[in-house]
Every structure is written in structure tokens, then in C-alpha cells.
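Student: Quick one: structure below, then a few questions.
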Amino acid sequence: MNMRLSYGMGFILLFVPCSLLVAFTHYPAFKALLNSFWNNGSSIRPSRFVGARNYEALLEDDKLMQVLSNSFIYAIGTVPLAIALAIGMALLVNSRLPATGLMRLSFFLPTMLPMVAVANIWLFFYAPGIGLASQILNAFGLPSINFLGSTDTSLVSMMVVAVWKEAGLFMIFYLAALQSIPTNLKDAARLEGAGSVRIFFDVVMPLLRPTTIFVAVNALINAFRLVDHIVVMTRGGPNNSSSLLLYYIYEVTFGFRDFAYGATLTVLMVVILGFMAAIQFWVLNRKAHYQ
Amino acid sequence: MSAAGVSLEVASLAKSWGAVEVLRDVNFSIEPGGFLTLLGPSGCGKSTILRLVSGLDEVSGGQILIGGKDVARTPAAERNIGMVFQNYALFPHMTIAENISYGLKVRKVPKAEKEKAMARVAELMALGKLLDRKPAQLSGGQQQRVALARVLVSDRPLVLMDEPLSNLDAKLRVEIRSEIRSLNKKLGITVVYVTHDQSEALSMSDKVVLMNAGEVSQVGTPKELYDRPANTFAAGFIGTPPMNLLQAQDVQAPATLAPANGAGKSDVLFGVRPESLGLDAGDAGFSVNARVESLEYEGKVFLVHLITPSGTRFVVAHSGDGVPEEGSEVTANWPDAATHLFDKSDGASMDFAL
């Protein structure tokens, strides 16, 4: 039998995966870009080319401004917090303390749950009066707070949920990185008189930098990508105080059925994400080249 | 580089990990400026001793006296010890200059003093052009010199080295070996050196501590270890190839041979170095009949591998003319003075009269 596949066979084998990629990734992306330059059609009035008019509408959209500022607060709050928490947990489970196996499991557990389940659990935690959070406040003699129902606390409450879910996954990456640091580097620093805190900042943290880049990029993408808990818990409310960009896109596109404006918002989001990833790689990469 | 060395004494040192005893009753000492080597096969506990002396691990028992002061319970950083690690342990994210001066930075040494010390070591170790590079940009030999420089910059009176040459190629190893030895002499620092390579130990050391399975097998100068192995382990570890150990029934010994303590002639093992053995049936006092198994050309000598009728293998370093053929029967003999006797039951060296 001829061991070389014919061109025809090769074409067929490539065609199947490529067509899936084109149908569900490349074509919709291209179509979204296209749609953002057309207005919303209906059965009576077909859509027509409107140039940059959709983009002009972006600038006058007060709700978008609110959602954007929410998204940035959300990203700036959750990303460093999740990273700090992940490093702390990784150091803890990497130590010689007893029961590190149990700790690993319990830290990782939230990551294994789907976001919708996490959101449901936290709905109970946040329930005014009877929820865990309120009961803790009451135990210290403080009045209970309506975490999800107040414009002051709803966004922060969403951020806490995200950090709780994300940190466990990042901990795994940091744990792997910690275990790959040669012990004799820490020994060498110790003999030079460095204490554990000094060793952490002088030796361990610089060697974790590649992991930090990876985790930070992922955390940032997730900050824009994961909005399931908002759908379940607040629906962006009250008064849009917990609405994020992706949730707003979902609302505009499928709630108000404004596909043109939804596509415009999507292009905006892709631009923002690409821009941030580029900055992140540039800043962190400058000092991460070794090995 | 004004650091004069200090003395080091280790007394009844012991270490256990849980129920596993890795070191038992280890004793040795070295005078200031001396070069002591801990020698032994892997897993014998020699690196563990180094980690205990440095303070990186805690002792389970015994004393470590540096300059006469017991530091067994003193934190590592306060023992004023430098250490060179097997794979150099250079910080990959720091430049060579930052690596060398890291200890000075941690201990907040004033800038002027730091720069003076840096310049001195950089010159001593010929690192001038490399100071701005990262460790990954250096060859193995260069990295090793940086690791040495990092230890020397702090003027430590006692420096520990954990198999520092094992990652280098053979030629570089010989070069750096003599460099380390000359630094030890020039600067007067005390060096404790760990290796599994007996030729390295013999060529560098003032004193060798031979370790076997967590215990000290023999302590002595390289010459003492070579000339008078205290037991069959030392006999079998020192020398390339090591000392031959022959069963009493294979050896034709002079009738006057009398092992000490009234032991019978069959209770002993005969030890003889390959280079003391001859194949030319001279007037030597001891002989063994054997068959030639194989020949190995070494340049200066032929290594003749032999097997006795009882199945014991041994080696003759044959330097004369007329190499025997493989498979032929020969008689190997050696003079009285080259004879070593070991107790067959515990392997300890025995005196004897002729």
C-alpha cells in the first residue's frame, strides 16, 4: 500500500477541522467587524452601510461609560488580588506544615466548580439577614448589609466571588513553579545571611516572574470573559452598578436585539483586550529573560 | 583576602531523618588553613555532613567546633561559612556582579568597601569581562569561578565545597582542581571538600575522611590512606584500579607468616596493589596462580585481568615486556613489603609477622 496520502485525502482531513474553525471563529469575528459598520436591519428596512456611525454612538453612551469603568475597577481589583492570594496559598501548601494535601484540595475546589454553581453558593452567602456574610457581621455586632442589592457593594461582591473561584487555579501554576526552583539557590542566599522574607523577594519572586506573566494575562482575560456569576446573581444591577462590558454586550445583542451595536461593542472589547495583553507582555517581558 | 583560616572539629556528630539514621558518631578535625576532603560513594553521608557544618540542616547529636566554639545550634547565617554548591547555585536573574556581591548587599556592607572587595575577587578569579553578564551566558568553568568568587568576596575563614567539579569536563576539572588548591594555600582559608572521586581527594587534600554508609571508615593523609588502608573498604576504594583482595586459599604465602592475635591463615584476606604485582616469577615471597581473562592497554602499563581457580578476580598493572596471552595460565607474585592483611570477618586491617 502506498504510505503517502494523496493530496485529495490530505485536503479532506484538513477540511473538517478548518471548516469548524472558519465557521465558528473566523467568520463570526469577521462578520462582527463588518456588522459594526452597518445599522440594524428589520424585515421592513434592510440594514445599510452607516460608516463609523455606530462608533460615534459609543462615545455618547453613558451606560457604556459606566460599564467600562466597572470593568476596569473589576480587572484592577481582581487580577492582583487573585495573584497575591494564589502566591500565598502556593507558599502555604508548599511548606512543611501538616495537612498540606487537605489544604491543596480545599484551595483548588472552587476552581473545579462551574461558575454558575459558584454563583449560587455565593447567593446564599450574600443573602441579606440570613446569609453567612450577614451572620458574621451580626456576630461582631454590625448591621447586616444587602451586598447584592446596594450600588455601593454589588461590584465588590462580584469581585470577591471571582477571586474566590480563580485563585485556586493560579495556585496550581505557582505551586509547580515553586517546586521547580532549585533548593540550593535558597540555601546559598541563606548562607549569605538572607532571612526568609528577603529570600522570597530576592530569589523566589524573580524566578516566579514567567509564571506571573502567564497568570496575569489569563486573569485579565478571565476578568473580561467570565460574567456567568453576574447573570445569575445581579443581572448587572442595581442601576448597572455591577454590569461588566461582556454582560452589557450580551444585554444589547440578545436582550435588545441590537446586533449592529453589539458587534461594535465586541470590536471595542477585542481592541481593549489586545491592547492590554500587549502592554502586559511588554512590561513584564523586559525583565523576565533568563534560563 | 586577609581571611586566615579557622580550625574545624566535628565530634560524635549524628543525624537521623525520622527513624532513618544517616550519620553515626562522625569525628574528624582540621587545623586552620588545612584542606580536608570528605570522600565516599554516593549516599555515604558526606554531603549531609557538609549541610550540618554549614547549618542548612540541624544536627541530631554531637558537636561542631569552629575555632574552638560549638556552633551546632547556631543559625547558618551566623557561622561565617562560605559554601560552593555542586551545580553552582548562581542566581539566574542576577548579573555576575550582583551574584558575587549579593552577600555584601544583604549584610549592608558600605559601597566603597563593597567595590574594593569586588575588584579584588574579580581580578583574583579573572572575571573582569564577565561582570555584566547573566549566569546562563557563561560556560560551566566560568560559572564555577563565579561561585568561588561569591564565596571569596566575603573573606570567610571556612569554605565548604560540595562536589564543585562534578559538572565539568575532565580537562577543566584538573585545571580548577589546582586553582582551588592554590587559593587554599594563598589565602590561608580552611577548606572542607566533598567528592566521590578518590583521585581528586588524594591529589588535593591535607587530610581525607573516608566515609562508608554513614560512618567514618578511615581518617588520614592521602598517603596514609593509600599505603595503609585501615579496612577492606578503604583498600577497595582508594587507587585506580583499587587494591586487589585475594582469598587465603589462592595465595602461596611464606610458611613463616603469622597473623597477629593468633588468627589462622585461612581467616585472612590478602591485599596487594596492582602495581606491586609482577608476572615474571622473581624471588618475591607471595604468589598466586591464575588465568588471564582479558587485557587492557593503558599507555604506561597493561592492566592484566586475572581469575584464580576459586573464582576471585584481580588485576596486575604490568609494565614489563612480554604481555601474557589471554587464556594462558600465569603466576603473579609480590614482595613481602607490599602485603596487606585483613580480617576476613570484619574487614579490619591486621598486623602480621614473617
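In the C-alpha cells, the first chain shown is A, the next is B, and so on; residue numbers restart at 1 for each chain, and ligands run from 1 in the order shown.
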Kindly provide, as a list in words, the residues of chain A having any atom no farther than 7 Å from an atom of chain B, counting only C-alpha atoms.

Tutor: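 Residues of chain A within 7 Å of chain B, counting only C-alpha atoms: Asn184, Leu185, Asp187, Ala188, Arg190, Leu191, Glu192, Gly193, Ala194, Pro206, Tyr290 and Gln291 of chain A.
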
Student: Could you name the residues that touch B:Leu269 at 6 Å or less, counting only C-alpha atoms, but leaving out those on the same chain fewer than 6 positions away, as a PyMOL selection string?

Tutor: chain B and resi 246-248+341-342+344

Student: Let me see the file: selected residues, C-alpha atoms, as a CSV table (one decimal), in the first residue's frame.

Tutor:
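Generated file (result14.csv):
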```
chain,number,residue,atom,x,y,z
B,246,LEU,CA,42.7,-12.3,47.5
B,247,GLN,CA,41.3,-15.3,49.3
B,248,ALA,CA,43.8,-17.1,51.6
B,341,LEU,CA,46.3,-8.5,55.7
B,342,PHE,CA,42.7,-8.0,56.5
B,344,LYS,CA,38.0,-11.9,56.8
```

Student: Between atom CA of B:Gly214 and atom CA of B:Arg313, what distance in Å does the model show, to one decimal?

Tutor: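 Atom CA of B:Arg313 lies at a distance of 28.2 Å from atom CA of B:Gly214.
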
Student: I'd like the neighbourhood of stretch 168-183 of chain A as a ChimeraX atom specification, where a residue qualifies if any of its atoms comes within 7 Å (using only C-alpha atoms), though same-chain residues fewer than 3 positions away should be ignored.

Tutor: /A:86-87,89-90,94,107-108,110-111,165,186-187,208,211,215

Student: Using all heavy atoms, can you export the residues from the last selection as a compact mmCIF listing (two decimals), in the first residue's frame?

Tutor:
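Generated file (part-v9.txt):
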```txt
# COMPACT_ATOMS: atom_id res chain seq x y z
N ALA A 86 -3.09 33.65 45.28
CA ALA A 86 -2.57 32.39 44.72
C ALA A 86 -1.15 32.13 45.22
O ALA A 86 -0.81 31.00 45.60
CB ALA A 86 -2.60 32.45 43.19
N ILE A 87 -0.31 33.18 45.23
CA ILE A 87 1.07 33.00 45.70
C ILE A 87 1.06 32.62 47.17
O ILE A 87 1.77 31.70 47.60
CB ILE A 87 1.90 34.29 45.47
CG1 ILE A 87 2.08 34.55 43.98
CG2 ILE A 87 3.26 34.19 46.15
CD1 ILE A 87 2.80 35.83 43.64
N MET A 89 -1.29 31.11 48.90
CA MET A 89 -1.76 29.73 49.08
C MET A 89 -0.72 28.74 48.61
O MET A 89 -0.51 27.70 49.23
CB MET A 89 -3.07 29.52 48.30
CG MET A 89 -4.22 30.34 48.86
SD MET A 89 -5.85 29.84 48.22
CE MET A 89 -5.65 30.01 46.48
N ALA A 90 -0.02 29.06 47.50
CA ALA A 90 1.00 28.15 46.98
C ALA A 90 2.14 28.00 47.99
O ALA A 90 2.63 26.90 48.24
CB ALA A 90 1.54 28.66 45.64
N ASN A 94 3.08 24.57 49.85
CA ASN A 94 4.42 24.09 49.54
C ASN A 94 5.29 23.98 50.78
O ASN A 94 6.42 23.53 50.73
CB ASN A 94 5.07 25.03 48.52
CG ASN A 94 6.27 24.41 47.84
OD1 ASN A 94 6.26 23.21 47.59
ND2 ASN A 94 7.29 25.18 47.58
N PHE A 107 -8.26 24.49 48.59
CA PHE A 107 -7.97 25.70 47.80
C PHE A 107 -8.35 25.51 46.34
O PHE A 107 -8.69 26.45 45.65
CB PHE A 107 -6.49 26.05 47.89
CG PHE A 107 -6.04 26.52 49.24
CD1 PHE A 107 -4.71 26.44 49.62
CD2 PHE A 107 -6.95 27.03 50.16
CE1 PHE A 107 -4.30 26.87 50.87
CE2 PHE A 107 -6.55 27.46 51.41
CZ PHE A 107 -5.22 27.37 51.77
N PHE A 108 -8.24 24.29 45.86
CA PHE A 108 -8.47 24.03 44.44
C PHE A 108 -9.94 23.78 44.14
O PHE A 108 -10.38 23.94 43.01
CB PHE A 108 -7.62 22.84 43.99
CG PHE A 108 -7.57 22.67 42.50
CD1 PHE A 108 -7.03 23.67 41.69
CD2 PHE A 108 -8.07 21.54 41.90
CE1 PHE A 108 -6.99 23.53 40.32
CE2 PHE A 108 -8.03 21.39 40.52
CZ PHE A 108 -7.49 22.38 39.73
N PRO A 110 -12.86 25.35 44.61
CA PRO A 110 -13.69 26.35 43.92
C PRO A 110 -13.43 26.39 42.42
O PRO A 110 -14.34 26.66 41.64
CB PRO A 110 -13.26 27.67 44.57
CG PRO A 110 -12.69 27.30 45.87
CD PRO A 110 -12.07 25.95 45.70
N THR A 111 -12.19 26.08 42.01
CA THR A 111 -11.85 26.11 40.59
C THR A 111 -12.57 25.03 39.81
O THR A 111 -12.92 25.20 38.65
CB THR A 111 -10.33 25.91 40.44
OG1 THR A 111 -9.69 26.91 41.20
CG2 THR A 111 -9.90 26.02 39.00
N LYS A 165 -13.03 32.09 43.13
CA LYS A 165 -13.03 31.00 42.17
C LYS A 165 -11.70 30.84 41.44
O LYS A 165 -11.25 29.74 41.18
CB LYS A 165 -14.15 31.22 41.14
CG LYS A 165 -14.09 30.21 39.99
CD LYS A 165 -15.38 30.09 39.26
CE LYS A 165 -15.20 29.27 37.99
NZ LYS A 165 -14.68 27.93 38.21
N LYS A 186 18.07 28.84 47.37
CA LYS A 186 17.62 29.38 48.65
C LYS A 186 18.67 29.13 49.73
O LYS A 186 18.91 29.99 50.58
CB LYS A 186 16.28 28.74 49.04
CG LYS A 186 15.13 29.25 48.18
CD LYS A 186 13.80 28.65 48.57
CE LYS A 186 13.38 27.62 47.55
NZ LYS A 186 12.14 26.94 47.89
N ASP A 187 19.33 27.95 49.66
CA ASP A 187 20.40 27.65 50.61
C ASP A 187 21.53 28.67 50.49
O ASP A 187 22.05 29.17 51.49
CB ASP A 187 20.97 26.25 50.35
CG ASP A 187 20.01 25.15 50.76
OD1 ASP A 187 19.07 25.45 51.51
OD2 ASP A 187 20.20 23.99 50.32
N LEU A 208 9.70 33.47 39.82
CA LEU A 208 8.28 33.19 39.53
C LEU A 208 7.75 34.12 38.43
O LEU A 208 6.62 33.98 38.01
CB LEU A 208 7.44 33.40 40.79
CG LEU A 208 7.59 32.38 41.92
CD1 LEU A 208 6.69 32.76 43.08
CD2 LEU A 208 7.29 30.97 41.45
N THR A 211 5.82 32.79 35.44
CA THR A 211 4.51 32.31 35.87
C THR A 211 3.57 33.47 36.08
O THR A 211 2.39 33.41 35.72
CB THR A 211 4.65 31.51 37.17
OG1 THR A 211 5.68 30.57 37.02
CG2 THR A 211 3.35 30.81 37.52
N VAL A 215 -0.02 33.98 34.41
CA VAL A 215 -1.22 34.06 35.24
C VAL A 215 -1.91 35.41 35.08
O VAL A 215 -3.14 35.48 34.97
CB VAL A 215 -0.84 33.80 36.72
CG1 VAL A 215 -1.98 34.20 37.64
CG2 VAL A 215 -0.50 32.33 36.93
```

Student: What are the DSSP alpha helix (DSSP H) residues of stretch 140-215 of chain A, as a count of residues only?

Tutor: 50

Student: Compile the contact shell of B:Val208 as a ChimeraX atom specification: residues with an atom at most 7 Å away, counting only C-alpha atoms, same-chain residues fewer than 2 positions apart removed.

Tutor: /B:36-39,201,205-206,210,219-222

Student: Take the residues from that selection and put them in a file with N, CA and C atoms, as a compact mmCIF listing (two decimals), in the first residue's frame.

Tutor:
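Saved to selection_33.txt:
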```txt
# COMPACT_ATOMS: atom_id res chain seq x y z
N LEU B 36 40.63 19.62 53.94
CA LEU B 36 40.10 18.32 54.33
C LEU B 36 39.08 17.85 53.31
N THR B 37 39.19 16.60 52.92
CA THR B 37 38.23 16.06 51.95
C THR B 37 37.38 14.98 52.58
N LEU B 38 36.06 15.09 52.37
CA LEU B 38 35.15 14.02 52.76
C LEU B 38 34.95 13.17 51.50
N LEU B 39 35.41 11.93 51.57
CA LEU B 39 35.39 11.07 50.39
C LEU B 39 34.50 9.87 50.66
N ALA B 201 40.51 13.47 45.67
CA ALA B 201 40.78 13.55 47.11
C ALA B 201 42.27 13.39 47.39
N SER B 205 44.18 16.98 48.95
CA SER B 205 43.92 17.13 50.38
C SER B 205 45.15 17.09 51.26
N ASP B 206 45.04 17.77 52.42
CA ASP B 206 45.96 17.55 53.52
C ASP B 206 45.51 16.33 54.30
N LEU B 210 37.46 9.21 54.92
CA LEU B 210 36.77 8.27 54.05
C LEU B 210 35.51 7.79 54.74
N VAL B 219 40.44 7.95 58.67
CA VAL B 219 40.87 9.33 58.57
C VAL B 219 42.38 9.34 58.47
N GLY B 220 42.93 10.11 57.54
CA GLY B 220 44.38 10.17 57.44
C GLY B 220 44.82 11.04 56.30
N THR B 221 46.13 11.16 56.12
CA THR B 221 46.66 11.88 54.96
C THR B 221 46.43 11.00 53.75
N PRO B 222 46.46 11.58 52.55
CA PRO B 222 46.28 10.75 51.35
C PRO B 222 47.25 9.58 51.31
```

Student: Env of A:Ser36: 8 Å cut, atoms = only C-alpha atoms, seq-sep filter 6 positions within chain, self excluded. Answer as a ChimeraX atom specification.

Tutor: /A:54-55,260-264,267

Student: Next, write the just-selected residues to a file, as a compact mmCIF listing (two decimals), in the first residue's frame, keeping C-alpha atoms as the atom set.

Tutor:
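File produced: selection_36.txt:
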```txt
# COMPACT_ATOMS: atom_id res chain seq x y z
CA ASN A 54 -22.02 53.05 15.41
CA TYR A 55 -18.63 54.08 16.76
CA ALA A 260 -25.12 46.18 14.99
CA TYR A 261 -24.36 47.96 18.23
CA GLY A 262 -23.49 44.63 19.89
CA ALA A 263 -20.96 43.97 17.15
CA THR A 264 -19.48 47.45 17.64
CA VAL A 267 -14.89 45.13 18.41
```

Student: Can you list, as JSON, numbers by chain, every protein, DNA or RNA residue that comes within 7 Å of stretch 158-164 of chain A when you count only C-alpha atoms, leaving out same-chain residues fewer than 4 positions away?

Tutor: {"A": [74, 78, 81, 82, 110, 154]}

Student: Would you write out those residues with N, CA, C and O atoms, as a compact mmCIF listing (two decimals), in the first residue's frame?

Tutor:
```txt
# COMPACT_ATOMS: atom_id res chain seq x y z
N TYR A 74 -13.09 46.29 38.15
CA TYR A 74 -13.17 44.85 38.35
C TYR A 74 -11.83 44.17 38.02
O TYR A 74 -11.30 43.39 38.79
N THR A 78 -9.51 42.51 40.79
CA THR A 78 -9.46 41.04 40.90
C THR A 78 -8.09 40.46 40.51
O THR A 78 -7.63 39.52 41.14
N LEU A 81 -5.33 40.83 43.23
CA LEU A 81 -5.79 40.14 44.44
C LEU A 81 -5.72 38.63 44.24
O LEU A 81 -5.25 37.89 45.12
N ALA A 82 -6.17 38.15 43.08
CA ALA A 82 -6.13 36.71 42.81
C ALA A 82 -4.70 36.22 42.76
O ALA A 82 -4.37 35.14 43.28
N PRO A 110 -12.86 25.35 44.61
CA PRO A 110 -13.69 26.35 43.92
C PRO A 110 -13.43 26.39 42.42
O PRO A 110 -14.34 26.66 41.64
N SER A 154 -22.36 46.04 45.27
CA SER A 154 -22.63 44.94 44.33
C SER A 154 -21.39 44.56 43.51
O SER A 154 -21.08 43.39 43.34
```

Student: Please provide as a ChimeraX atom specification all residues within 6 Å of stretch 64-69 of chain A, with the sequence filter that same-chain residues fewer than 5 positions apart are discarded (counting only C-alpha atoms).

Tutor: /A:243-245

Student: Keeping N, CA and C atoms, export the residues of the selection given above as a compact mmCIF listing (two decimals), in the first residue's frame.

Tutor:
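Okay, selection_2.txt is ready:
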```txt
# COMPACT_ATOMS: atom_id res chain seq x y z
N SER A 243 -22.60 45.83 36.29
CA SER A 243 -22.57 45.37 34.91
C SER A 243 -21.16 45.50 34.34
N LEU A 244 -20.70 44.46 33.65
CA LEU A 244 -19.38 44.49 33.02
C LEU A 244 -19.56 44.53 31.52
N LEU A 245 -18.48 44.83 30.80
CA LEU A 245 -18.55 45.03 29.35
C LEU A 245 -19.20 43.85 28.63
```
